[in-house]
Amino acid sequence: MMFSANLGFLFTELALPDAVRAAKRHGFGAVECHFPYDIPARALRAALDETGLEMIGLNTVPGDAGEFGLCALPGRGAEARAAIAQAVEYAAAIGAKNVHVMAGRTDGGGAAEAAFRANLAYACELAAPEGIGILIEPINRRDVAGYHLAHIEQAAETCAAVGHPGLRIMFDCYHLQIMQGDLIRRFEAHRGLIGHVQIAGVPDRGEPDGGELHYPNLIAALREMGWAAPVGAEYRPRSGRTEDGLSWMDAFPQERAGGTR
């Protein structure tokens with residue numbers, strides 16, 4: 001197990017290919033991102049090939065200001081599927097493992113869930129031939145009021161309804177701790193559906209070395225349950241500079257790739 005640098009929040013003063021290189025220098029073993037579409041895929045792929053880092057995943061576009069995704073919005077199917085196609089095409093071009101399909105803010109009703117499931121089925125069928133997984137993520141409603149998907153049990157129900165093996169859950173410890181807590185037992189209960197894990201401090205979303213979660217214990221528990229993939233560091237550096245806050249990684253010497261701080 002190693003850590004994956006989420007370049008949506010880390011090394012953001014750099015162009016994305018250079019952020020990949022910075023992640024490598026500072027001991028991350030993989031990377032992930034949010035919305036890389038302004039960067040030519042060939043430039044990002046070159047940085048990944050140069051560093052040997054795996055791209056864990058990227059997001060579908062968030063839609064208009066404040067929507068936070070399109071794929072559970074009734075009546076927006078054409079836009080949602082265009083966003084999915086864009087993400088899958090880009091992910092294939094750079095060798096990314098996953099696409100996170102963003103649901104968006106909804107009223108939580110049946111029409112929204114039906115739209116979400118239909119668009120996820122489309123995403124899975126489109127991504128499967130490329131060997132790309134589809135992720136859905138419960139997101140806390142304190143930060144994103146009205147987000148369609150906020151509880152892991154709801155995510156599991158959606159996965160069961162879609163019924164495609166390529167659809168899995170993003171287990172973001174920050175969001176799930178705010179909404180539900182009891183993370184070790186929730187991870188254990190849904191282990192077979194989890195496709196990626198992310199961490200950040202709670203409640204400030206800073207470095208994962210303070211707040212109400214003790215990540216050395218939590219990550220050790222995940223390892224005991226067989227989680228061996230990279231864990232995504234998706235936090236906002238408290239100082240504003242990623243380099244200033246990387247001492248949290250010292251608590252996990254066995255997870256750190258070669259690199260310097």
# chains A, B, ... in the order shown; residues from 1 in each chain; ligands from 1
>>> closest_atom_pairs(of="range 111-204 of chain A", to="range 212-229 of chain A", cutoff="8 Å", atoms="only C-alpha atoms", output="tab-separated table")
residue	atom	partner	partner_atom	distance
A:Ile184	CA	A:Leu218	CA	6.9
A:Phe187	CA	A:Leu222	CA	7.8
A:Glu188	CA	A:Met225	CA	7.3
A:His196	CA	A:Ala229	CA	7.7
A:Gly201	CA	A:Leu213	CA	7.0
A:Val202	CA	A:Glu212	CA	5.8
A:Pro203	CA	A:Glu212	CA	7.4
>>> select_by_dssp(residues="range 9-136 of chain A", states="strand (DSSP E)", output="number ranges by chain")
A: 30-32, 54-55, 57-59, 98-100, 133-136
>>> write_last_selection(atoms="all heavy atoms", output="compact mmCIF listing (two decimals), in the first residue's frame")
# COMPACT_ATOMS: atom_id res chain seq x y z
N ALA A 30 1.32 7.04 -6.31
CA ALA A 30 0.32 7.13 -7.35
C ALA A 30 -0.25 8.54 -7.31
O ALA A 30 0.07 9.33 -6.41
CB ALA A 30 -0.79 6.09 -7.14
N VAL A 31 -1.08 8.86 -8.29
CA VAL A 31 -1.74 10.16 -8.34
C VAL A 31 -3.19 9.96 -8.75
O VAL A 31 -3.58 8.91 -9.29
CB VAL A 31 -1.05 11.14 -9.31
CG1 VAL A 31 0.31 11.58 -8.77
CG2 VAL A 31 -0.92 10.54 -10.70
N GLU A 32 -3.99 10.98 -8.50
CA GLU A 32 -5.38 11.05 -8.96
C GLU A 32 -5.70 12.51 -9.18
O GLU A 32 -4.94 13.38 -8.74
CB GLU A 32 -6.32 10.41 -7.94
CG GLU A 32 -6.19 10.99 -6.55
CD GLU A 32 -6.72 10.05 -5.47
OE1 GLU A 32 -6.11 8.98 -5.25
OE2 GLU A 32 -7.74 10.41 -4.85
N GLU A 54 0.97 5.58 -11.33
CA GLU A 54 -0.34 5.19 -11.82
C GLU A 54 -1.35 6.31 -11.55
O GLU A 54 -1.32 6.92 -10.48
CB GLU A 54 -0.80 3.92 -11.11
CG GLU A 54 -2.16 3.40 -11.51
CD GLU A 54 -2.50 2.11 -10.80
OE1 GLU A 54 -2.47 2.09 -9.55
OE2 GLU A 54 -2.80 1.12 -11.49
N MET A 55 -2.23 6.59 -12.51
CA MET A 55 -3.33 7.52 -12.30
C MET A 55 -4.53 6.71 -11.81
O MET A 55 -5.11 5.92 -12.56
CB MET A 55 -3.66 8.27 -13.58
CG MET A 55 -4.84 9.22 -13.47
SD MET A 55 -4.57 10.63 -12.35
CE MET A 55 -3.52 11.69 -13.36
N GLY A 57 -7.56 7.79 -10.79
CA GLY A 57 -8.85 8.16 -11.34
C GLY A 57 -9.00 9.64 -11.56
O GLY A 57 -8.16 10.46 -11.17
N LEU A 58 -10.13 9.99 -12.19
CA LEU A 58 -10.51 11.37 -12.46
C LEU A 58 -12.03 11.45 -12.39
O LEU A 58 -12.72 10.43 -12.32
CB LEU A 58 -9.97 11.82 -13.82
CG LEU A 58 -10.27 10.90 -15.02
CD1 LEU A 58 -11.62 11.22 -15.66
CD2 LEU A 58 -9.17 11.01 -16.06
N ASN A 59 -12.55 12.69 -12.39
CA ASN A 59 -13.98 12.91 -12.23
C ASN A 59 -14.64 13.30 -13.54
O ASN A 59 -14.01 13.93 -14.40
CB ASN A 59 -14.24 14.06 -11.24
CG ASN A 59 -13.76 13.79 -9.85
OD1 ASN A 59 -13.42 12.66 -9.50
ND2 ASN A 59 -13.74 14.82 -9.03
N ASN A 98 -9.85 4.50 -13.06
CA ASN A 98 -11.24 4.72 -12.69
C ASN A 98 -11.76 6.07 -13.17
O ASN A 98 -10.98 7.01 -13.32
CB ASN A 98 -11.41 4.67 -11.17
CG ASN A 98 -11.00 3.36 -10.55
OD1 ASN A 98 -11.64 2.33 -10.78
ND2 ASN A 98 -9.92 3.38 -9.78
N VAL A 99 -13.07 6.15 -13.31
CA VAL A 99 -13.77 7.41 -13.49
C VAL A 99 -14.80 7.53 -12.38
O VAL A 99 -15.62 6.63 -12.17
CB VAL A 99 -14.48 7.47 -14.86
CG1 VAL A 99 -15.49 8.62 -14.91
CG2 VAL A 99 -13.46 7.60 -15.99
N HIS A 100 -14.72 8.65 -11.65
CA HIS A 100 -15.73 8.96 -10.64
C HIS A 100 -16.86 9.72 -11.31
O HIS A 100 -16.68 10.83 -11.79
CB HIS A 100 -15.10 9.79 -9.51
CG HIS A 100 -16.10 10.42 -8.59
ND1 HIS A 100 -15.88 11.63 -7.98
CD2 HIS A 100 -17.33 10.02 -8.18
CE1 HIS A 100 -16.92 11.95 -7.24
NE2 HIS A 100 -17.81 10.98 -7.35
N GLY A 133 -12.76 1.23 -14.31
CA GLY A 133 -13.82 1.10 -13.34
C GLY A 133 -14.61 2.39 -13.20
O GLY A 133 -14.11 3.48 -13.49
N ILE A 134 -15.84 2.27 -12.73
CA ILE A 134 -16.69 3.42 -12.44
C ILE A 134 -16.89 3.50 -10.93
O ILE A 134 -17.22 2.51 -10.27
CB ILE A 134 -18.06 3.30 -13.14
CG1 ILE A 134 -17.87 3.28 -14.66
CG2 ILE A 134 -18.99 4.45 -12.72
CD1 ILE A 134 -17.25 4.54 -15.24
N LEU A 135 -16.67 4.70 -10.38
CA LEU A 135 -16.81 4.94 -8.95
C LEU A 135 -17.95 5.90 -8.68
O LEU A 135 -18.18 6.85 -9.45
CB LEU A 135 -15.53 5.54 -8.38
CG LEU A 135 -14.25 4.70 -8.47
CD1 LEU A 135 -13.06 5.51 -7.98
CD2 LEU A 135 -14.39 3.41 -7.67
N ILE A 136 -18.66 5.68 -7.57
CA ILE A 136 -19.59 6.66 -7.02
C ILE A 136 -19.17 6.95 -5.59
O ILE A 136 -18.63 6.08 -4.90
CB ILE A 136 -21.05 6.18 -7.08
CG1 ILE A 136 -21.24 4.82 -6.38
CG2 ILE A 136 -21.52 6.12 -8.53
CD1 ILE A 136 -22.70 4.36 -6.31
>>> atom_distance(atom1="CA of Asp172 in chain A", atom2="CA of Asp49 in chain A")
27.3 Å
>>> residues_around(residues="Ala92 in chain A", least_positions_apart="5", cutoff="9 Å", atoms="only C-alpha atoms", output="ChimeraX atom specification")
/A:87,97,127,130-132
>>> write_last_selection(atoms="N, CA, C and O atoms", output="CSV table (one decimal), in the first residue's frame")
chain,number,residue,atom,x,y,z
A,87,ALA,N,-15.0,11.7,-20.0
A,87,ALA,CA,-14.2,11.2,-18.9
A,87,ALA,C,-13.6,9.8,-19.3
A,87,ALA,O,-12.4,9.6,-19.1
A,97,LYS,N,-7.2,4.3,-14.0
A,97,LYS,CA,-7.9,3.1,-13.6
A,97,LYS,C,-9.4,3.3,-13.5
A,97,LYS,O,-10.2,2.4,-13.7
A,127,ALA,N,-17.2,2.0,-20.2
A,127,ALA,CA,-15.8,1.9,-19.6
A,127,ALA,C,-15.3,0.5,-19.6
A,127,ALA,O,-14.0,0.3,-19.7
A,130,GLU,N,-12.5,-0.7,-22.0
A,130,GLU,CA,-11.3,0.0,-21.8
A,130,GLU,C,-10.6,-0.5,-20.5
A,130,GLU,O,-9.5,0.0,-20.2
A,131,GLY,N,-11.2,-1.4,-19.7
A,131,GLY,CA,-10.6,-1.8,-18.5
A,131,GLY,C,-10.7,-0.8,-17.4
A,131,GLY,O,-9.9,-0.8,-16.4
A,132,ILE,N,-11.7,0.2,-17.5
A,132,ILE,CA,-11.8,1.3,-16.5
A,132,ILE,C,-13.0,1.0,-15.6
A,132,ILE,O,-14.1,0.6,-16.1
>>> closest_residue(among="A:Tyr147, A:Phe252, A:Phe28, A:Phe9", to="Arg205 in chain A", atoms="only C-alpha atoms")
A:Phe9
>>> residues_around(residues="Glu153 in chain A", least_positions_apart="5", cutoff="9 Å", atoms="only C-alpha atoms", output="list in words")
Thr158, Arg186 and His190 of chain A
>>> write_last_selection(atoms="N, CA, C and O atoms", output="PDB file, in the first residue's frame")
ATOM      1  N   THR A 158     -27.486   1.430  -4.822  1.00  0.00           N
ATOM      2  CA  THR A 158     -27.346   1.837  -6.221  1.00  0.00           C
ATOM      3  C   THR A 158     -26.502   0.830  -6.986  1.00  0.00           C
ATOM      4  O   THR A 158     -26.849   0.438  -8.111  1.00  0.00           O
ATOM      5  N   ARG A 186     -18.074   0.059   8.835  1.00  0.00           N
ATOM      6  CA  ARG A 186     -18.717   0.337   7.537  1.00  0.00           C
ATOM      7  C   ARG A 186     -17.845  -0.163   6.390  1.00  0.00           C
ATOM      8  O   ARG A 186     -18.357  -0.697   5.399  1.00  0.00           O
ATOM      9  N   HIS A 190     -18.932  -3.277   3.682  1.00  0.00           N
ATOM     10  CA  HIS A 190     -19.052  -3.005   2.250  1.00  0.00           C
ATOM     11  C   HIS A 190     -17.758  -3.302   1.498  1.00  0.00           C
ATOM     12  O   HIS A 190     -17.598  -2.856   0.353  1.00  0.00           O
TER      13      HIS A 190
END
>>> residues_around(residues="Ala46 in chain A", least_positions_apart="6", cutoff="12 Å", atoms="only C-alpha atoms", output="PyMOL selection string")
chain A and resi 16-18+20-21+39-40+52-55+93-95
>>> write_last_selection(atoms="C-alpha atoms", output="mmCIF file, in the first residue's frame")
data_model
loop_
_atom_site.group_PDB
_atom_site.id
_atom_site.type_symbol
_atom_site.label_atom_id
_atom_site.label_comp_id
_atom_site.auth_asym_id
_atom_site.auth_seq_id
_atom_site.Cartn_x
_atom_site.Cartn_y
_atom_site.Cartn_z
ATOM 1 C CA LEU A 16 -0.785 19.093 -13.905
ATOM 2 C CA PRO A 17 2.113 17.235 -15.575
ATOM 3 C CA ASP A 18 4.557 19.023 -13.264
ATOM 4 C CA VAL A 20 2.697 14.541 -11.186
ATOM 5 C CA ARG A 21 6.466 14.954 -11.113
ATOM 6 C CA ILE A 39 -4.412 19.555 -20.254
ATOM 7 C CA PRO A 40 -3.706 17.595 -23.450
ATOM 8 C CA GLY A 52 6.052 5.492 -13.410
ATOM 9 C CA LEU A 53 3.096 6.683 -11.335
ATOM 10 C CA GLU A 54 -0.341 5.192 -11.823
ATOM 11 C CA MET A 55 -3.332 7.520 -12.295
ATOM 12 C CA ALA A 93 -5.829 8.020 -23.177
ATOM 13 C CA ILE A 94 -3.812 8.450 -19.983
ATOM 14 C CA GLY A 95 -4.209 4.923 -18.620
#
>>> closest_residue(among="A:Glu243, A:Glu234, A:Glu89, A:Glu79", to="Val61 in chain A", atoms="only C-alpha atoms")
A:Glu79
>>> residues_around(residues="Ala118 in chain A", least_positions_apart="6", cutoff="9 Å", atoms="only C-alpha atoms", output="list in words")
Cys71, Ala72, Gly77 and Val162 of chain A
